[in-house]
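Okay, data-v9.cif now, which holds mmCIF, C-alpha atoms:
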data_entry
#
loop_
_atom_site.label_atom_id
_atom_site.label_comp_id
_atom_site.auth_asym_id
_atom_site.auth_seq_id
_atom_site.Cartn_x
_atom_site.Cartn_y
_atom_site.Cartn_z
CA MET L 9 17.66 19.16 -13.76
CA LYS L 10 14.48 18.90 -11.72
CA ARG L 11 12.67 15.56 -11.65
CA LYS L 12 9.23 15.85 -13.16
CA ILE L 13 6.65 14.11 -11.02
CA SER L 14 2.91 13.47 -11.04
CA ILE L 15 0.93 12.36 -8.00
CA LEU L 16 -2.15 10.18 -8.27
CA GLY L 17 -4.08 10.58 -5.02
CA SER L 18 -2.68 13.98 -4.07
CA THR L 19 -5.43 14.74 -1.53
CA GLY L 20 -5.01 11.47 0.39
CA SER L 21 -2.67 10.88 3.32
CA ILE L 22 0.30 9.74 1.22
CA GLY L 23 -0.30 12.36 -1.46
CA ARG L 24 -0.43 15.22 1.03
CA GLN L 25 2.75 14.06 2.74
CA ALA L 26 4.46 13.66 -0.64
CA LEU L 27 3.70 17.29 -1.45
CA GLU L 28 5.17 18.27 1.93
CA VAL L 29 8.35 16.41 0.94
CA ILE L 30 8.41 18.13 -2.46
CA GLU L 31 7.87 21.51 -0.84
CA LYS L 32 11.06 20.94 1.19
CA LEU L 33 12.98 20.05 -1.99
CA PRO L 34 12.05 22.86 -4.41
CA ASP L 35 15.26 22.50 -6.43
CA GLU L 36 14.70 18.79 -7.04
CA PHE L 37 11.11 18.48 -8.26
CA GLU L 38 8.63 19.97 -10.70
CA VAL L 39 5.03 18.85 -10.28
CA VAL L 40 3.56 18.03 -13.71
CA SER L 41 0.14 16.68 -12.68
CA LEU L 42 -2.03 16.17 -9.61
CA ALA L 43 -4.97 13.77 -9.40
CA ALA L 44 -7.64 13.44 -6.73
CA GLY L 45 -11.06 11.89 -6.26
CA SER L 46 -13.92 14.04 -5.00
CA ASN L 47 -11.95 16.45 -2.79
CA THR L 48 -11.61 19.13 -5.46
CA GLU L 49 -11.50 21.93 -2.89
CA LEU L 50 -8.17 20.64 -1.56
CA LEU L 51 -7.01 19.70 -5.06
CA ASN L 52 -7.58 23.25 -6.29
CA ALA L 53 -5.63 24.61 -3.32
CA GLN L 54 -2.78 22.24 -4.23
CA ILE L 55 -2.95 23.38 -7.86
CA LYS L 56 -2.67 26.99 -6.75
CA LYS L 57 0.38 26.20 -4.63
CA PHE L 58 2.32 23.75 -6.82
CA LYS L 59 1.15 24.97 -10.24
CA PRO L 60 0.92 21.66 -12.15
CA LYS L 61 0.07 21.83 -15.85
CA TYR L 62 -2.55 19.07 -15.59
CA ALA L 63 -5.01 17.83 -12.98
CA SER L 64 -7.63 15.11 -12.67
CA ALA L 65 -10.62 14.52 -10.40
CA SER L 66 -13.85 12.58 -10.37
CA ASN L 67 -15.58 15.75 -11.63
CA LEU L 68 -13.29 17.36 -14.18
CA ASN L 69 -15.53 20.45 -14.39
CA GLU L 70 -14.61 21.42 -10.81
CA ILE L 71 -10.88 21.71 -11.52
CA GLU L 72 -9.47 25.25 -11.43
CA GLY L 73 -6.05 26.48 -12.52
CA ALA L 74 -4.90 23.45 -14.52
CA ILE L 75 -5.86 21.54 -17.67
CA ALA L 76 -8.40 18.86 -16.73
CA VAL L 77 -7.38 15.39 -17.91
CA THR L 78 -7.93 11.72 -17.00
CA LEU L 79 -5.64 9.44 -14.99
CA GLU L 80 -4.80 7.61 -18.21
CA ASP L 81 -3.79 10.94 -19.80
CA ILE L 82 -1.47 11.71 -16.89
CA CYS L 83 0.16 8.29 -17.07
CA SER L 84 0.62 8.56 -20.83
CA ASP L 85 2.54 11.84 -20.49
CA LYS L 86 6.19 10.96 -21.14
CA GLU L 87 7.22 14.32 -19.71
CA ASN L 88 7.03 12.56 -16.34
CA ASP L 89 10.19 11.09 -14.86
CA ILE L 90 8.24 9.40 -12.06
CA ILE L 91 4.63 8.93 -11.03
CA LEU L 92 3.62 8.43 -7.41
CA VAL L 93 0.64 6.06 -7.38
CA ALA L 94 -1.05 6.84 -4.07
CA VAL L 95 -4.71 6.32 -4.96
CA SER L 96 -6.62 3.79 -2.91
CA GLY L 97 -8.17 0.66 -4.38
CA LYS L 98 -8.29 -0.95 -7.81
CA ILE L 99 -8.40 2.42 -9.55
CA GLY L 100 -4.59 2.53 -9.39
CA LEU L 101 -4.02 -0.61 -11.49
CA ARG L 102 -4.76 0.52 -15.06
CA PRO L 103 -2.96 3.90 -14.73
CA THR L 104 0.08 2.12 -13.32
CA ILE L 105 0.19 -0.24 -16.29
CA THR L 106 -0.23 2.73 -18.65
CA ALA L 107 2.71 4.51 -17.02
CA ILE L 108 4.88 1.38 -17.25
CA ASN L 109 4.00 0.97 -20.93
CA ASN L 110 5.17 4.55 -21.43
CA GLY L 111 8.49 3.89 -19.70
CA ILE L 112 7.76 6.03 -16.63
CA ASP L 113 9.19 4.98 -13.26
CA ILE L 114 6.73 4.28 -10.44
CA ALA L 115 6.77 5.12 -6.74
CA LEU L 116 4.14 2.64 -5.60
CA ALA L 117 1.89 3.26 -2.61
CA ASN L 118 -1.13 1.36 -3.96
CA LYS L 119 -1.39 -2.18 -2.60
CA GLU L 120 -4.05 -3.37 -5.02
CA THR L 121 -1.76 -2.99 -8.01
CA LEU L 122 0.42 -5.91 -6.93
CA VAL L 123 -2.11 -7.83 -4.84
CA MET L 124 -4.48 -8.02 -7.79
CA ALA L 125 -2.05 -8.18 -10.68
CA GLY L 126 1.54 -8.62 -9.51
CA ASP L 127 2.11 -11.40 -12.04
CA ILE L 128 1.30 -8.93 -14.82
CA VAL L 129 2.80 -5.72 -13.46
CA MET L 130 6.26 -6.89 -12.39
CA PRO L 131 7.17 -8.76 -15.64
CA LEU L 132 5.90 -5.78 -17.65
CA ALA L 133 8.06 -3.37 -15.63
CA LYS L 134 11.09 -5.58 -16.24
CA GLU L 135 10.34 -5.76 -19.95
CA LYS L 136 10.00 -1.97 -20.21
CA GLY L 137 13.02 -1.23 -18.02
CA VAL L 138 10.85 0.63 -15.49
CA LYS L 139 11.81 0.96 -11.83
CA ILE L 140 9.08 0.29 -9.26
CA VAL L 141 10.17 1.68 -5.90
CA PRO L 142 7.84 0.84 -2.98
CA VAL L 143 6.49 3.54 -0.68
CA ASP L 144 5.15 1.28 2.08
CA SER L 145 7.56 1.63 5.02
CA GLU L 146 8.09 -2.15 5.20
CA HIS L 147 8.87 -2.67 1.52
CA CYS L 148 10.88 0.53 1.39
CA ALA L 149 12.95 -0.83 4.30
CA ILE L 150 13.57 -4.12 2.51
CA HIS L 151 14.47 -2.25 -0.68
CA GLN L 152 17.09 -0.27 1.23
CA CYS L 153 18.56 -3.39 2.84
CA ILE L 154 18.98 -5.50 -0.29
CA LYS L 155 22.28 -5.39 -2.12
CA ASP L 156 21.95 -8.66 -4.05
CA ILE L 157 18.58 -10.42 -3.91
CA SER L 158 20.16 -13.73 -4.95
CA GLN L 159 22.02 -13.79 -1.61
CA VAL L 160 18.91 -13.13 0.50
CA ASP L 161 17.47 -16.10 2.37
CA ARG L 162 14.44 -14.49 4.06
CA LEU L 163 12.44 -11.28 4.19
CA ILE L 164 11.31 -10.23 7.68
CA ILE L 165 8.30 -7.91 7.67
CA THR L 166 7.50 -6.15 10.93
CA ALA L 167 4.00 -5.37 12.21
CA SER L 168 3.04 -3.05 15.04
CA GLY L 169 0.21 -5.37 16.03
CA GLY L 170 -2.34 -2.57 15.82
CA PRO L 171 -4.79 -1.47 18.52
CA PHE L 172 -5.84 -5.02 19.47
CA LEU L 173 -2.42 -6.55 20.08
CA ARG L 174 -3.05 -6.90 23.84
CA LYS L 175 -6.82 -7.34 23.62
CA THR L 176 -8.64 -10.64 23.96
CA VAL L 177 -10.49 -12.29 21.09
CA GLU L 178 -13.77 -11.37 22.77
CA GLU L 179 -12.77 -7.72 23.08
CA MET L 180 -11.73 -7.70 19.43
CA LYS L 181 -15.00 -9.30 18.32
CA ASN L 182 -16.99 -6.51 19.96
CA ALA L 183 -14.70 -3.67 18.94
CA THR L 184 -16.20 -0.41 17.80
CA VAL L 185 -15.16 1.45 14.67
CA GLU L 186 -13.48 4.09 16.85
CA GLN L 187 -11.42 1.42 18.62
CA ALA L 188 -10.34 -0.12 15.33
CA LEU L 189 -9.27 3.28 14.03
CA ALA L 190 -7.17 4.07 17.11
CA HIS L 191 -3.83 2.90 15.71
CA PRO L 192 -1.07 3.27 18.31
CA ARG L 193 1.72 4.26 15.90
CA TRP L 194 0.60 5.40 12.45
CA ASN L 195 -1.81 8.06 11.18
CA MET L 196 -3.35 6.57 8.03
CA GLY L 197 -6.57 6.44 6.05
CA LYS L 198 -9.55 4.61 7.54
CA LYS L 199 -9.49 1.53 5.32
CA ILE L 200 -5.81 0.77 5.82
CA THR L 201 -6.16 1.44 9.57
CA VAL L 202 -8.90 -1.18 9.88
CA ASP L 203 -6.73 -3.58 7.86
CA SER L 204 -3.95 -2.92 10.34
CA ALA L 205 -6.32 -3.74 13.21
CA THR L 206 -7.09 -7.18 11.72
CA LEU L 207 -3.52 -7.64 10.38
CA MET L 208 -4.97 -8.05 6.87
CA ASN L 209 -2.76 -5.13 5.91
CA LYS L 210 0.28 -7.17 6.87
CA GLY L 211 -1.04 -10.08 4.82
CA LEU L 212 -1.43 -7.83 1.80
CA GLU L 213 2.13 -6.62 2.37
CA VAL L 214 3.34 -10.22 2.29
CA ILE L 215 1.73 -10.64 -1.14
CA GLU L 216 3.28 -7.36 -2.29
CA ALA L 217 6.71 -8.43 -1.05
CA HIS L 218 6.42 -11.72 -2.94
CA HIS L 219 5.93 -9.81 -6.19
CA LEU L 220 8.32 -6.92 -5.55
CA PHE L 221 11.26 -9.08 -4.56
CA GLY L 222 10.45 -12.42 -6.20
CA MET L 223 10.56 -14.24 -2.87
CA ASP L 224 8.65 -17.46 -2.11
CA TYR L 225 5.97 -17.12 0.57
CA ASP L 226 7.71 -19.68 2.79
CA ARG L 227 10.68 -17.29 2.93
CA ILE L 228 8.67 -14.23 4.00
CA LYS L 229 8.22 -13.98 7.78
CA VAL L 230 6.01 -11.60 9.74
CA VAL L 231 7.10 -10.56 13.23
CA VAL L 232 5.19 -8.28 15.62
CA HIS L 233 7.24 -5.27 16.73
CA PRO L 234 5.07 -2.83 18.76
CA GLN L 235 7.50 0.11 18.70
CA SER L 236 7.46 0.37 14.86
CA VAL L 237 11.12 1.38 14.84
CA VAL L 238 12.51 -1.55 12.86
CA HIS L 239 10.53 -1.14 9.64
CA SER L 240 11.62 -4.53 8.23
CA ALA L 241 14.74 -6.63 7.74
CA ILE L 242 16.34 -9.25 5.54
CA GLU L 243 18.39 -12.31 6.41
CA TYR L 244 21.22 -13.25 4.06
CA VAL L 245 22.21 -16.84 3.34
CA ASP L 246 25.19 -16.52 5.70
CA GLY L 247 22.94 -15.64 8.63
CA SER L 248 23.61 -11.90 8.62
CA VAL L 249 20.48 -9.83 9.32
CA ILE L 250 20.25 -6.29 7.96
CA ALA L 251 17.44 -4.07 9.23
CA GLN L 252 16.27 -0.54 8.44
CA LEU L 253 15.34 1.56 11.46
CA GLY L 254 13.73 4.94 11.81
CA LEU L 255 11.10 6.96 13.59
CA PRO L 256 7.54 6.09 12.48
CA SER L 257 7.11 8.75 9.79
CA MET L 258 5.85 8.19 6.25
CA HIS L 259 7.79 11.23 5.01
CA ILE L 260 10.97 9.14 5.04
CA PRO L 261 9.85 6.25 2.78
CA ILE L 262 7.95 8.64 0.50
CA GLN L 263 11.05 10.77 0.05
CA TYR L 264 13.25 7.72 -0.51
CA ALA L 265 10.90 6.39 -3.19
CA ILE L 266 10.66 9.61 -5.19
CA THR L 267 14.34 10.62 -4.89
CA TYR L 268 15.83 7.13 -5.36
CA PRO L 269 18.74 6.47 -5.74
CA ASP L 270 19.67 9.86 -4.24
CA ARG L 271 19.15 11.00 -0.67
CA PHE L 272 18.46 14.51 0.64
CA GLU L 273 17.89 16.04 4.05
CA GLY L 274 14.30 17.02 3.25
CA ILE L 275 11.87 16.57 6.13
CA LYS L 276 13.53 15.29 9.29
CA SER L 277 11.78 16.27 12.49
CA ARG L 278 14.64 15.01 14.67
CA SER L 279 17.54 12.59 14.59
CA PHE L 280 17.07 8.97 15.59
CA SER L 281 18.26 8.19 19.12
CA PHE L 282 18.92 4.63 20.28
CA SER L 283 19.06 5.76 23.91
CA GLU L 284 15.62 7.39 23.69
CA ILE L 285 14.11 4.28 22.08
CA ALA L 286 15.70 2.23 24.90
CA ARG L 287 14.14 -1.13 23.96
CA LEU L 288 12.84 -3.04 20.95
CA ASP L 289 10.39 -5.92 21.41
CA PHE L 290 9.54 -8.69 18.96
CA GLU L 291 7.08 -11.57 19.08
CA GLU L 292 5.25 -14.05 16.90
CA PRO L 293 1.83 -13.01 15.56
CA ASN L 294 -1.18 -14.56 17.26
CA TRP L 295 -2.36 -16.59 14.28
CA ASP L 296 -5.63 -17.61 15.96
CA LYS L 297 -6.65 -14.05 16.80
CA PHE L 298 -5.40 -12.53 13.54
CA LYS L 299 -6.72 -15.07 11.06
CA ALA L 300 -6.56 -12.51 8.23
CA LEU L 301 -2.82 -13.00 8.08
CA SER L 302 -3.25 -16.75 7.49
CA LEU L 303 -5.85 -16.11 4.79
CA ALA L 304 -3.49 -13.76 2.96
CA TYR L 305 -0.67 -16.32 3.00
CA GLU L 306 -3.15 -18.94 1.76
CA ALA L 307 -4.34 -16.71 -1.10
CA GLY L 308 -0.79 -15.86 -2.07
CA LYS L 309 0.27 -19.49 -2.20
CA LEU L 310 -2.82 -20.46 -4.21
CA GLY L 311 -1.96 -17.68 -6.64
CA GLY L 312 -3.93 -16.60 -9.68
CA SER L 313 -7.26 -14.97 -8.91
CA ALA L 314 -7.21 -16.02 -5.23
CA THR L 315 -5.57 -12.74 -4.24
CA VAL L 316 -8.13 -10.78 -6.29
CA CYS L 317 -10.88 -12.54 -4.32
CA LEU L 318 -9.13 -11.89 -0.99
CA ASN L 319 -8.67 -8.20 -1.71
CA ALA L 320 -12.18 -7.53 -3.05
CA ALA L 321 -13.98 -9.39 -0.27
CA ASN L 322 -11.90 -7.69 2.39
CA GLU L 323 -12.27 -4.18 0.99
CA GLU L 324 -16.06 -4.36 0.66
CA SER L 325 -16.33 -5.88 4.14
CA VAL L 326 -14.19 -3.12 5.64
CA PHE L 327 -16.45 -0.49 4.07
CA GLU L 328 -19.47 -2.16 5.70
CA PHE L 329 -17.68 -2.24 9.06
CA LEU L 330 -16.78 1.44 8.80
CA GLU L 331 -20.47 2.19 8.24
CA GLY L 332 -21.27 0.29 11.44
CA ARG L 333 -23.29 -2.38 9.69
CA ILE L 334 -21.17 -5.42 10.61
CA LYS L 335 -18.75 -6.43 13.37
CA LEU L 336 -14.98 -6.56 13.01
CA PHE L 337 -14.77 -10.36 12.88
CA ASP L 338 -17.49 -10.43 10.20
CA ILE L 339 -14.84 -9.00 7.86
CA ILE L 340 -12.60 -12.02 8.20
CA ASP L 341 -15.44 -14.56 8.27
CA ASN L 342 -16.72 -13.15 4.99
CA VAL L 343 -13.29 -13.17 3.35
CA GLU L 344 -12.81 -16.80 4.35
CA GLU L 345 -16.21 -17.77 2.94
CA MET L 346 -15.65 -15.92 -0.34
CA MET L 347 -12.28 -17.60 -0.77
CA SER L 348 -13.71 -21.06 -0.05
CA LYS L 349 -16.34 -20.62 -2.76
CA HIS L 350 -14.09 -19.00 -5.36
CA THR L 351 -12.97 -21.01 -8.38
CA ILE L 352 -9.40 -19.90 -9.02
CA ILE L 353 -8.26 -18.80 -12.46
CA LYS L 354 -4.53 -19.50 -12.57
CA ASN L 355 -3.34 -16.81 -15.00
CA PRO L 356 -6.09 -14.21 -15.35
CA ASP L 357 -5.57 -11.36 -17.79
CA LEU L 358 -6.38 -7.78 -16.84
CA ASP L 359 -9.99 -7.92 -18.02
CA GLU L 360 -10.58 -11.15 -16.10
CA ILE L 361 -9.05 -9.61 -12.97
CA PHE L 362 -11.49 -6.70 -13.06
CA GLU L 363 -14.40 -9.03 -13.84
CA ILE L 364 -13.55 -11.26 -10.85
CA ASP L 365 -13.08 -8.21 -8.65
CA LYS L 366 -16.54 -6.92 -9.60
CA GLU L 367 -18.14 -10.34 -9.08
CA ILE L 368 -16.64 -10.82 -5.60
CA ARG L 369 -17.61 -7.32 -4.51
CA THR L 370 -21.21 -7.91 -5.62
CA LYS L 371 -21.40 -11.25 -3.79
CA THR L 372 -19.86 -9.71 -0.70
CA ARG L 373 -22.37 -6.87 -0.56
CA GLU L 374 -25.26 -9.29 -1.05
CA LYS L 375 -24.02 -11.59 1.72
CA LEU L 376 -23.40 -8.76 4.17
CA LYS L 377 -26.89 -7.36 3.61
CA ALA L 378 -28.17 -10.66 5.01
CA ILE L 379 -26.02 -10.18 8.14
CA VAL L 380 -27.42 -6.71 8.68
#
structure tokens encoding of this file:
Amino acid sequence: MKRKISILGSTGSIGRQALEVIEKLPDEFEVVSLAAGSNTELLNAQIKKFKPKYASASNLNEIEGAIAVTLEDICSDKENDIILVAVSGKIGLRPTITAINNGIDIALANKETLVMAGDIVMPLAKEKGVKIVPVDSEHCAIHQCIKDISQVDRLIITASGGPFLRKTVEEMKNATVEQALAHPRWNMGKKITVDSATLMNKGLEVIEAHHLFGMDYDRIKVVVHPQSVVHSAIEYVDGSVIAQLGLPSMHIPIQYAITYPDRFEGIKSRSFSFSEIARLDFEEPNWDKFKALSLAYEAGKLGGSATVCLNAANEESVFEFLEGRIKLFDIIDNVEEMMSKHTIIKNPDLDEIFEIDKEIRTKTREKLKAIV
């Protein structure tokens, strides 16, 4: 029988690539629902092609060819076998919890869900018997490497180093938006690309890994690997290291997440060749230049609402940078200041998480107006 799938964020980078995967596996999937933000022109083209029963967008009146519903409606539909959560930002959190409460498995490509509320989401998924399979290439790699988590000593998360790996601090301080968006390996959305330039994205992935795999922060290591061939690795207690390798393509982790535990040929542009790769380099992150990584570890170890503060302050700051109103290093300076002034709530409930998120975003915007 075909797996019935819904995609939240179908017009974004991950959503579009997921539909390309599904198109290559017509006997395996039936698209139940598609959800987008404001890009209803592309959404309607997707509806015409994949013929979902339901669809959602910021303006429901613009939807053509499917029954217009909300994200909550989609995630309450038990017809789904799996929901790919590929929306960007905090909007993915409540629908994900709704889907879990309805016993629907999750392919997770939304960082905020675990960064903001990992202590709520993961125990709930366990209680409901719901599988959460990560889409991020790093977490997908770790997921593939783990046979028995109790025998794993360390998680090793790789980072390309982004466009400023070989740049000086001064060059990075004065970087333009175009330079920050010029990622050497991956083609991603603007926000995540800027996060990759500051290595905040890697910090957020550390927090995600902590929740996904129940690993202490002191046992999660980040290593810079410019080729982006080793997507991540694990070290077992006996010293054995198991890594997952592959060409830098998001089609592979997306397909793994939505077909798990099965594997299919699907989209494979070419076979992996060790001789063509020729060499793999690894180095320690420059903690002084990429302070965002340290801030993420700090927030994770503090726990509670500290990660909510980190995420909200960073996201609003990145938006200001993308508009050309602040410099790249202003992002990190602001995050550090917001964290230093934040009073941590140890076990916030969902309403408190959204309240804190709103408060930090407001304070961030007010502070950054002063910079401008």
Within 10 Å of range 294-296 of chain L, counting only C-alpha atoms, which residues qualify if same-chain residues fewer than 2 places away don't, as a short mmCIF file (atom, residue, chain, number, x, y, z; two decimals) with C-alpha atoms, in the frame of the given file?
data_model
loop_
_atom_site.label_atom_id
_atom_site.label_comp_id
_atom_site.auth_asym_id
_atom_site.auth_seq_id
_atom_site.Cartn_x
_atom_site.Cartn_y
_atom_site.Cartn_z
CA GLY L 169 0.21 -5.37 16.03
CA LEU L 173 -2.42 -6.55 20.08
CA VAL L 177 -10.49 -12.29 21.09
CA LEU L 207 -3.52 -7.64 10.38
CA VAL L 232 5.19 -8.28 15.62
CA GLU L 291 7.08 -11.57 19.08
CA GLU L 292 5.25 -14.05 16.90
CA PHE L 298 -5.40 -12.53 13.54
CA LYS L 299 -6.72 -15.07 11.06
CA ALA L 300 -6.56 -12.51 8.23
CA LEU L 301 -2.82 -13.00 8.08
CA SER L 302 -3.25 -16.75 7.49
#
Handout entry: Atom-to-atom span, CA of His151 in chain L and CA of Met258 in chain L, Å
Key = 15.2 Å
Fill in the blank from the handout: Restricting to only C-alpha atoms, whichever of L:Gly126, L:Gly137, L:Pro192, L:Gly332 is closest to Asp357 in chain L is L:Gly126
Completion exercise
Students should find that CA of Pro142 in chain L and CA of His350 in chain L are spaced 29.7 Å
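Minimum distance to Ala26 in chain L across L:Phe327, L:Ile200, L:Glu49, L:Val93 (counting only C-alpha atoms) occurs at L:Val93.
Look at Lys199 in chain L: the protein and nucleic acid residues within 12 Å of it, using all atoms listed in the file and passing over chain neighbours fewer than 6 places away, are L:Gly20, L:Ser21, L:Ser96, L:Gly97, L:Lys119, L:Val185, L:Ala188, L:Leu189, L:His191, L:Ala205, L:Thr206, L:Met208, L:Asn209, L:Asn322, L:Glu323, L:Glu324, L:Ser325, L:Val326, L:Phe327, L:Glu328, L:Phe329, L:Leu330, L:Glu331.
Among the candidate residues L:Ala304, L:Ile275, L:Ile108, L:Ala321, the one lying nearest to Asp338 in chain L is L:Ala321, with distances computed using all atoms listed in the file.
One distance worth recording is that between CA of Leu212 in chain L and CA of Cys148 in chain L, which is 14.9 Å.
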Exercise for the section: Convert the output of the PyMOL selection byres ((chain L and resi 92) around 7) on the shown file into explicit residues, formatted as number ranges by chain. Expected result: L: 14-16, 90-91, 93-94, 114-116
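Distances from L:Ile154, L:Leu318, L:Ile340, L:Ile105 to Ala251 in chain L were compared using only C-alpha atoms, and the smallest one belongs to L:Ile154.
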